[in-house]
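Notes to accompany the following structure.
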Amino acid sequence: MKGQITMATVTYDKATRLYPGTEKPAVDQLDIAIEDGEFLVLVGPSGCGKSTSLRMLAGLEDVNGGAIRIGDRDVTHLPPKDRDIAMVFQNYALYPHMTVAQNMGFALKIAGVNKTEIRQKVEDAAKILDLTEYLERKPKALSGGQRQRVAMGRAIVREPQVFLMDEPLSNLDAKLRVQTRTQIASLQRRLGITTVYVTHDQVEAMTMGDRVAVLKDGLLQQVDSPRNMYDRPANLFVAGFIGSPAMNLVEVPITDGGVKFGNSVVPVSREALSAAADKGDRTVTVGVRPEHFEVVEANGGATKTLSKAADDAPAGLAITVNVVEETGADGYIFGSADVGGETKDLVIRVDSRQVPEKGAQLHVVPRPGETHVFSTSSGERLSD
């Protein structure tokens with residue numbers, strides 16, 4: 001089927017959606033250029049504008065400003081039927097009285113395609129999706145994952161230029177969700193169809209997308225590859241949203257040569273400190289991933305040998321262990337620390353064979369070169 005499908009770029013050009021009676025746009029001047037065959041994931045918290053952005057592309061929401069293009073066609077004000085897209089919904093939207101084959105071929109039947117061609121397209125799609133043996137079954141005889149694959153098949157047989165997927169895995173249990181997301185990503189790469197996928201699950205976004213676009217309050221925060229977004233979040237919101245468990249974010253004072261982190265001074269680039277000074281910030285927000293902490297001392301026994309502070313107190317930030325989660329290969333310490341007179345919750349990843357007990361006291365420092373520095377006032381990234 002791949003050779004029959006025409007791919008297309010998708011361009012959001014300052015696309016804006018303002019609902020009647022509201023002052024703040026649901027989507028505000030969205031600018032994204034999606035390449036031929038690319039899998040782009042729109043992700044963000046509830047109400048961020050991701051589903052609205054998808055519906056604007058589908059023609060289900062008006063575009064009040066800017067433009068949307070598929071290939072070289074301006075589709076901003078075209079009806080959905082003229083956009084050459086296929087949409088996969090969260091709730092499958094299958095006809096219960098029809099067989100799998102009839103569900104998959106229904107749109108082609110309505111379009112007047114002859115029965116022989118419909119059957120061939122349905123069988124081709126069923127083979128791709130491992131649904132051949134289920135073609136004569138009704139939806140009620142299928143599992144949730146199989147129903148979602150039928151919905152995918154219905155989209156595939158239309159041979160669209162663009163796939164649109166609106167949280168298609170939300171109704172599946174955890175294990176099936178992992179399995180199905182792998183199948184969808186593999187299928188998309190096999191077919192090479194440009195795909196825009198909406199999810200609230202950042203793990204889903206990071207594992208499926210060629211690129212990920214993070215939205216908040218209708219504004220695009222960052223669009224990048226999953227690896228770049230993880231390694232270089234553009235601002236505090238992206239830093240706290242991308243990653244599971246999330247990045248630890250701690251506001252700390254600026255000092256000579258870096259920032260004060262408990263009893264230690266963590267080196268920070270001159271450029272970052274200069275940028276903070278230009279903004280009038282006396283503190284910066286340091287971000288550290290759970291896996292980028294070193295444990296200095298736990299209950300008096302050092303798990304890592306690092307330099308002591310000048311007063312011979314343990315180096316780093318003092319942590320009280322509240323909860324320990326062991327996941328097999330790794331252990332996660334959920335602890336609390338006193339930072340500037342406020343209690344701050346932190347998560348540290350450790351070797352599962354060296355986890356401390358609940359209530360233990362330990363000290364942690366960031367690994368050299370593994371800190372992210374953000375402006376406390378604006379939230380933007382300051383470090384390289």
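By convention here, the chains of the structure tokens are called A, B, ... in the order presented, each chain's residues are numbered starting at 1, and ligands are numbered starting at 1 in the order presented.
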
### Message
as JSON, numbers by chain, please: the residues near A:Ala276 (cut-off 9 Å, only C-alpha atoms, same-chain neighbours under 4 positions excluded).
### Response
{"A": [271, 272, 280, 281, 282, 283, 284, 374, 375, 376, 377, 382]}

For the residues in that selection, give me C-alpha atoms as a short mmCIF file (atom, residue, chain, number, x, y, z; two decimals), in the first residue's frame.
```cif
data_model
loop_
_atom_site.label_atom_id
_atom_site.label_comp_id
_atom_site.auth_asym_id
_atom_site.auth_seq_id
_atom_site.Cartn_x
_atom_site.Cartn_y
_atom_site.Cartn_z
CA GLU A 271 27.29 32.85 30.25
CA ALA A 272 24.42 31.52 32.36
CA GLY A 280 18.28 41.05 37.68
CA ASP A 281 18.03 37.52 39.11
CA ARG A 282 19.85 36.86 42.37
CA THR A 283 18.79 33.22 42.22
CA VAL A 284 18.48 30.72 39.40
CA PHE A 374 16.87 28.42 34.14
CA SER A 375 15.96 32.00 34.86
CA THR A 376 13.86 32.17 38.01
CA SER A 377 12.02 35.24 36.71
CA LEU A 382 20.21 29.93 30.56
#
```

### Message
Just want the 12 Å neighbourhood of stretch 143-147 of chain A, counted on only C-alpha atoms, with same-chain residues fewer than 2 positions away dropped. Output as an NGL selection string.
### Response
:A and (88-96 or 99-101 or 103-104 or 126 or 129-135 or 137-141 or 149-154 or 168-184)

### Message
Please return, as a ChimeraX atom specification, all residues of stretch 142-334 of chain A that DSSP assigns to alpha helix (DSSP H) on the basis of the backbone.
### Response
/A:144-156,174-191,202-208,226-231,236-241,270-278

Which residues come within 6 Å of stretch 218-228 of chain A, counting only C-alpha atoms, excluding same-chain residues fewer than 3 positions away, as a compact mmCIF listing (two decimals) with C-alpha atoms, in the first residue's frame?
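So the final result, stored in selection09.txt, reads:
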```txt
# COMPACT_ATOMS: atom_id res chain seq x y z
CA ALA A 26 -7.26 28.30 22.75
CA VAL A 27 -4.39 28.06 20.25
CA ASP A 28 -2.24 31.16 19.81
CA CYS A 48 -3.22 23.24 26.51
CA GLY A 49 -4.70 23.34 22.99
CA MET A 206 8.83 10.52 23.79
CA ARG A 211 9.59 15.12 16.97
CA VAL A 212 7.55 16.31 19.93
CA ALA A 213 5.73 19.64 20.24
CA VAL A 214 4.93 20.73 23.81
CA LEU A 215 2.03 23.14 24.31
CA ASP A 231 18.70 16.93 27.10
CA ARG A 232 17.95 20.62 26.47
```

### Query
In Å, with one decimal, what is the gap from atom CA of A:Glu35 to atom CA of A:Leu108?
27.2 Å

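Coordinates place atom CA of A:Met165 at a distance of 25.6 Å from atom CA of A:Glu117.
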
#### Entry: Nearest-residue call for A:Ala277, choices A:Val162, A:Ile254, A:Leu362, A:Leu18, using only C-alpha atoms
A:Ile254

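Residues in contact with A:Glu326 at up to 10 Å, not including ones fewer than 5 positions away on its chain and judged by only C-alpha atoms, are A:Gly331, A:Tyr332, A:Ile333, A:Arg349, A:Val350, A:Asp351, A:Ser352, A:Arg353, A:Val355.
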
Using only all heavy atoms, please write the residues we just selected to a file, as a PDB file, in the first residue's frame.
```pdb
ATOM      1  N   GLY A 331      16.181   1.860  41.639  1.00  0.00           N
ATOM      2  CA  GLY A 331      15.412   2.261  42.798  1.00  0.00           C
ATOM      3  C   GLY A 331      15.227   3.766  42.751  1.00  0.00           C
ATOM      4  O   GLY A 331      16.085   4.501  42.252  1.00  0.00           O
ATOM      5  N   TYR A 332      14.102   4.245  43.227  1.00  0.00           N
ATOM      6  CA  TYR A 332      13.839   5.681  43.239  1.00  0.00           C
ATOM      7  C   TYR A 332      13.599   6.131  44.670  1.00  0.00           C
ATOM      8  O   TYR A 332      12.730   5.593  45.374  1.00  0.00           O
ATOM      9  CB  TYR A 332      12.633   6.028  42.362  1.00  0.00           C
ATOM     10  CG  TYR A 332      12.921   5.905  40.880  1.00  0.00           C
ATOM     11  CD1 TYR A 332      12.644   4.718  40.206  1.00  0.00           C
ATOM     12  CD2 TYR A 332      13.501   6.952  40.183  1.00  0.00           C
ATOM     13  CE1 TYR A 332      12.934   4.591  38.855  1.00  0.00           C
ATOM     14  CE2 TYR A 332      13.788   6.834  38.823  1.00  0.00           C
ATOM     15  CZ  TYR A 332      13.504   5.660  38.177  1.00  0.00           C
ATOM     16  OH  TYR A 332      13.788   5.526  36.839  1.00  0.00           O
ATOM     17  N   ILE A 333      14.382   7.117  45.088  1.00  0.00           N
ATOM     18  CA  ILE A 333      14.230   7.705  46.410  1.00  0.00           C
ATOM     19  C   ILE A 333      13.365   8.946  46.272  1.00  0.00           C
ATOM     20  O   ILE A 333      13.675   9.851  45.490  1.00  0.00           O
ATOM     21  CB  ILE A 333      15.606   8.110  46.991  1.00  0.00           C
ATOM     22  CG1 ILE A 333      16.493   6.884  47.183  1.00  0.00           C
ATOM     23  CG2 ILE A 333      15.440   8.862  48.304  1.00  0.00           C
ATOM     24  CD1 ILE A 333      17.934   7.244  47.516  1.00  0.00           C
ATOM     25  N   ARG A 349      17.375   8.707  41.462  1.00  0.00           N
ATOM     26  CA  ARG A 349      17.476   7.311  41.026  1.00  0.00           C
ATOM     27  C   ARG A 349      18.770   6.712  41.551  1.00  0.00           C
ATOM     28  O   ARG A 349      19.839   7.337  41.441  1.00  0.00           O
ATOM     29  CB  ARG A 349      17.451   7.197  39.500  1.00  0.00           C
ATOM     30  CG  ARG A 349      17.289   5.751  39.011  1.00  0.00           C
ATOM     31  CD  ARG A 349      17.267   5.675  37.510  1.00  0.00           C
ATOM     32  NE  ARG A 349      18.614   5.791  36.951  1.00  0.00           N
ATOM     33  CZ  ARG A 349      18.879   5.788  35.639  1.00  0.00           C
ATOM     34  NH1 ARG A 349      17.884   5.706  34.767  1.00  0.00           N
ATOM     35  NH2 ARG A 349      20.110   5.889  35.191  1.00  0.00           N
ATOM     36  N   VAL A 350      18.688   5.508  42.112  1.00  0.00           N
ATOM     37  CA  VAL A 350      19.861   4.828  42.660  1.00  0.00           C
ATOM     38  C   VAL A 350      19.850   3.375  42.213  1.00  0.00           C
ATOM     39  O   VAL A 350      18.861   2.875  41.677  1.00  0.00           O
ATOM     40  CB  VAL A 350      19.879   4.892  44.210  1.00  0.00           C
ATOM     41  CG1 VAL A 350      20.038   6.324  44.696  1.00  0.00           C
ATOM     42  CG2 VAL A 350      18.625   4.249  44.800  1.00  0.00           C
ATOM     43  N   ASP A 351      20.952   2.684  42.456  1.00  0.00           N
ATOM     44  CA  ASP A 351      21.027   1.252  42.198  1.00  0.00           C
ATOM     45  C   ASP A 351      20.046   0.542  43.119  1.00  0.00           C
ATOM     46  O   ASP A 351      20.010   0.800  44.327  1.00  0.00           O
ATOM     47  CB  ASP A 351      22.456   0.760  42.472  1.00  0.00           C
ATOM     48  CG  ASP A 351      22.667  -0.676  42.012  1.00  0.00           C
ATOM     49  OD1 ASP A 351      21.850  -1.546  42.390  1.00  0.00           O
ATOM     50  OD2 ASP A 351      23.655  -0.929  41.303  1.00  0.00           O
ATOM     51  N   SER A 352      19.246  -0.351  42.564  1.00  0.00           N
ATOM     52  CA  SER A 352      18.202  -1.011  43.365  1.00  0.00           C
ATOM     53  C   SER A 352      18.780  -1.888  44.467  1.00  0.00           C
ATOM     54  O   SER A 352      18.072  -2.278  45.396  1.00  0.00           O
ATOM     55  CB  SER A 352      17.299  -1.860  42.462  1.00  0.00           C
ATOM     56  OG  SER A 352      18.036  -2.895  41.847  1.00  0.00           O
ATOM     57  N   ARG A 353      20.083  -2.202  44.383  1.00  0.00           N
ATOM     58  CA  ARG A 353      20.707  -3.020  45.421  1.00  0.00           C
ATOM     59  C   ARG A 353      21.341  -2.169  46.518  1.00  0.00           C
ATOM     60  O   ARG A 353      21.920  -2.696  47.460  1.00  0.00           O
ATOM     61  CB  ARG A 353      21.769  -3.940  44.790  1.00  0.00           C
ATOM     62  CG  ARG A 353      21.177  -5.030  43.902  1.00  0.00           C
ATOM     63  CD  ARG A 353      22.247  -5.789  43.153  1.00  0.00           C
ATOM     64  NE  ARG A 353      22.901  -4.951  42.163  1.00  0.00           N
ATOM     65  CZ  ARG A 353      22.424  -4.753  40.926  1.00  0.00           C
ATOM     66  NH1 ARG A 353      21.293  -5.343  40.557  1.00  0.00           N
ATOM     67  NH2 ARG A 353      23.070  -3.994  40.076  1.00  0.00           N
ATOM     68  N   VAL A 355      19.610   0.759  48.010  1.00  0.00           N
ATOM     69  CA  VAL A 355      18.612   1.759  48.390  1.00  0.00           C
ATOM     70  C   VAL A 355      18.611   1.936  49.912  1.00  0.00           C
ATOM     71  O   VAL A 355      18.725   0.958  50.659  1.00  0.00           O
ATOM     72  CB  VAL A 355      17.201   1.351  47.910  1.00  0.00           C
ATOM     73  CG1 VAL A 355      17.135   1.349  46.393  1.00  0.00           C
ATOM     74  CG2 VAL A 355      16.785   0.001  48.456  1.00  0.00           C
TER      75      VAL A 355
END
```

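When atom CA of A:Lys24 is paired with atom CA of A:Met56, their separation reads 16.7 Å.
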
### Task
Can you pull out every residue within 12 Å of A:Asp384, counting only C-alpha atoms, but drop anything in the same chain fewer than 6 positions away, and send it as a VMD selection string?
chain A and resid 231 to 234 268 to 273 275 369 to 374

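Ranking A:Gly379, A:Lys358, A:Glu294, A:Gly287 by their shortest atom-to-atom distance to A:Thr320, with only C-alpha atoms included, puts A:Lys358 first.
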
### Summary
Using only C-alpha atoms, the residue out of A:Asp84, A:Asp36, A:Glu123, A:Asp217 with shortest distance to A:Lys50 is A:Asp217

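Here the question is which of A:Asp124, A:Arg119, A:Glu357, A:Ala329 gets nearest to A:Gln102 using only C-alpha atoms, and that residue is A:Arg119.
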
### Task
Step one, run DSSP on the backbone; step two, keep only residues of stretch 190-271 of chain A assigned to strand (DSSP E); then write them as a PyMOL selection string.
chain A and resi 194-199+211-216+219-224+248-255+258-261+264-267

Go ahead and save the residues from that selection, with N, CA and C atoms, as an mmCIF file, in the first residue's frame.
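Saved file out-v7.cif follows:
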```cif
data_model
loop_
_atom_site.group_PDB
_atom_site.id
_atom_site.type_symbol
_atom_site.label_atom_id
_atom_site.label_comp_id
_atom_site.auth_asym_id
_atom_site.auth_seq_id
_atom_site.Cartn_x
_atom_site.Cartn_y
_atom_site.Cartn_z
ATOM 1 N N THR A 194 2.537 10.916 6.734
ATOM 2 C CA THR A 194 2.670 12.025 7.664
ATOM 3 C C THR A 194 1.604 11.890 8.746
ATOM 4 N N THR A 195 2.020 11.946 10.007
ATOM 5 C CA THR A 195 1.097 11.676 11.103
ATOM 6 C C THR A 195 1.225 12.741 12.187
ATOM 7 N N VAL A 196 0.069 13.251 12.630
ATOM 8 C CA VAL A 196 0.016 14.167 13.771
ATOM 9 C C VAL A 196 -0.770 13.458 14.865
ATOM 10 N N TYR A 197 -0.145 13.304 16.003
ATOM 11 C CA TYR A 197 -0.663 12.445 17.078
ATOM 12 C C TYR A 197 -0.781 13.278 18.352
ATOM 13 N N VAL A 198 -1.923 13.229 18.993
ATOM 14 C CA VAL A 198 -2.168 13.981 20.224
ATOM 15 C C VAL A 198 -2.200 13.042 21.415
ATOM 16 N N THR A 199 -1.489 13.406 22.476
ATOM 17 C CA THR A 199 -1.544 12.645 23.726
ATOM 18 C C THR A 199 -1.258 13.575 24.900
ATOM 19 N N ARG A 211 9.447 13.881 16.220
ATOM 20 C CA ARG A 211 9.588 15.123 16.969
ATOM 21 C C ARG A 211 8.389 15.280 17.894
ATOM 22 N N VAL A 212 8.592 16.062 18.927
ATOM 23 C CA VAL A 212 7.547 16.307 19.925
ATOM 24 C C VAL A 212 7.339 17.809 20.035
ATOM 25 N N ALA A 213 6.075 18.233 20.044
ATOM 26 C CA ALA A 213 5.729 19.635 20.243
ATOM 27 C C ALA A 213 4.982 19.757 21.566
ATOM 28 N N VAL A 214 5.531 20.544 22.485
ATOM 29 C CA VAL A 214 4.926 20.731 23.807
ATOM 30 C C VAL A 214 4.145 22.036 23.821
ATOM 31 N N LEU A 215 2.869 21.963 24.228
ATOM 32 C CA LEU A 215 2.027 23.144 24.307
ATOM 33 C C LEU A 215 1.615 23.413 25.749
ATOM 34 N N LYS A 216 1.397 24.678 26.048
ATOM 35 C CA LYS A 216 0.879 25.105 27.345
ATOM 36 C C LYS A 216 0.036 26.356 27.124
ATOM 37 N N LEU A 219 0.023 27.970 23.740
ATOM 38 C CA LEU A 219 1.285 28.455 23.187
ATOM 39 C C LEU A 219 2.275 27.307 23.014
ATOM 40 N N LEU A 220 2.957 27.284 21.886
ATOM 41 C CA LEU A 220 4.001 26.292 21.644
ATOM 42 C C LEU A 220 5.219 26.634 22.490
ATOM 43 N N GLN A 221 5.638 25.678 23.327
ATOM 44 C CA GLN A 221 6.788 25.885 24.203
ATOM 45 C C GLN A 221 8.094 25.437 23.568
ATOM 46 N N GLN A 222 8.041 24.310 22.862
ATOM 47 C CA GLN A 222 9.248 23.772 22.220
ATOM 48 C C GLN A 222 8.827 22.675 21.262
ATOM 49 N N VAL A 223 9.509 22.585 20.140
ATOM 50 C CA VAL A 223 9.326 21.459 19.226
ATOM 51 C C VAL A 223 10.716 20.957 18.854
ATOM 52 N N ASP A 224 10.953 19.656 19.097
ATOM 53 C CA ASP A 224 12.298 19.106 18.915
ATOM 54 C C ASP A 224 12.211 17.590 18.938
ATOM 55 N N ASN A 248 14.025 17.346 38.704
ATOM 56 C CA ASN A 248 13.991 18.095 39.963
ATOM 57 C C ASN A 248 14.362 19.547 39.673
ATOM 58 N N LEU A 249 13.573 20.477 40.177
ATOM 59 C CA LEU A 249 13.811 21.902 39.955
ATOM 60 C C LEU A 249 13.944 22.592 41.304
ATOM 61 N N VAL A 250 15.104 23.206 41.540
ATOM 62 C CA VAL A 250 15.406 23.796 42.843
ATOM 63 C C VAL A 250 15.908 25.223 42.635
ATOM 64 N N GLU A 251 15.272 26.179 43.300
ATOM 65 C CA GLU A 251 15.744 27.564 43.239
ATOM 66 C C GLU A 251 16.881 27.742 44.238
ATOM 67 N N VAL A 252 18.035 28.195 43.747
ATOM 68 C CA VAL A 252 19.229 28.309 44.594
ATOM 69 C C VAL A 252 19.896 29.661 44.350
ATOM 70 N N PRO A 253 20.639 30.165 45.352
ATOM 71 C CA PRO A 253 21.302 31.461 45.203
ATOM 72 C C PRO A 253 22.557 31.363 44.337
ATOM 73 N N ILE A 254 22.837 32.452 43.646
ATOM 74 C CA ILE A 254 24.067 32.555 42.860
ATOM 75 C C ILE A 254 25.218 32.914 43.798
ATOM 76 N N THR A 255 26.361 32.281 43.581
ATOM 77 C CA THR A 255 27.554 32.572 44.370
ATOM 78 C C THR A 255 28.761 32.614 43.445
ATOM 79 N N GLY A 258 29.473 29.817 40.604
ATOM 80 C CA GLY A 258 28.367 28.898 40.367
ATOM 81 C C GLY A 258 27.163 29.207 41.222
ATOM 82 N N VAL A 259 26.526 28.152 41.738
ATOM 83 C CA VAL A 259 25.341 28.308 42.580
ATOM 84 C C VAL A 259 25.510 27.480 43.851
ATOM 85 N N LYS A 260 24.878 27.928 44.906
ATOM 86 C CA LYS A 260 24.947 27.246 46.188
ATOM 87 C C LYS A 260 23.953 26.099 46.200
ATOM 88 N N PHE A 261 24.454 24.884 46.407
ATOM 89 C CA PHE A 261 23.593 23.704 46.437
ATOM 90 C C PHE A 261 23.862 22.986 47.752
ATOM 91 N N SER A 264 27.501 22.661 49.067
ATOM 92 C CA SER A 264 28.429 22.632 47.939
ATOM 93 C C SER A 264 28.175 23.799 47.001
ATOM 94 N N VAL A 265 29.185 24.114 46.217
ATOM 95 C CA VAL A 265 29.044 25.073 45.122
ATOM 96 C C VAL A 265 29.082 24.281 43.817
ATOM 97 N N VAL A 266 28.006 24.361 43.062
ATOM 98 C CA VAL A 266 27.925 23.668 41.776
ATOM 99 C C VAL A 266 28.353 24.637 40.683
ATOM 100 N N PRO A 267 29.391 24.275 39.902
ATOM 101 C CA PRO A 267 29.859 25.174 38.839
ATOM 102 C C PRO A 267 28.771 25.429 37.793
#
```
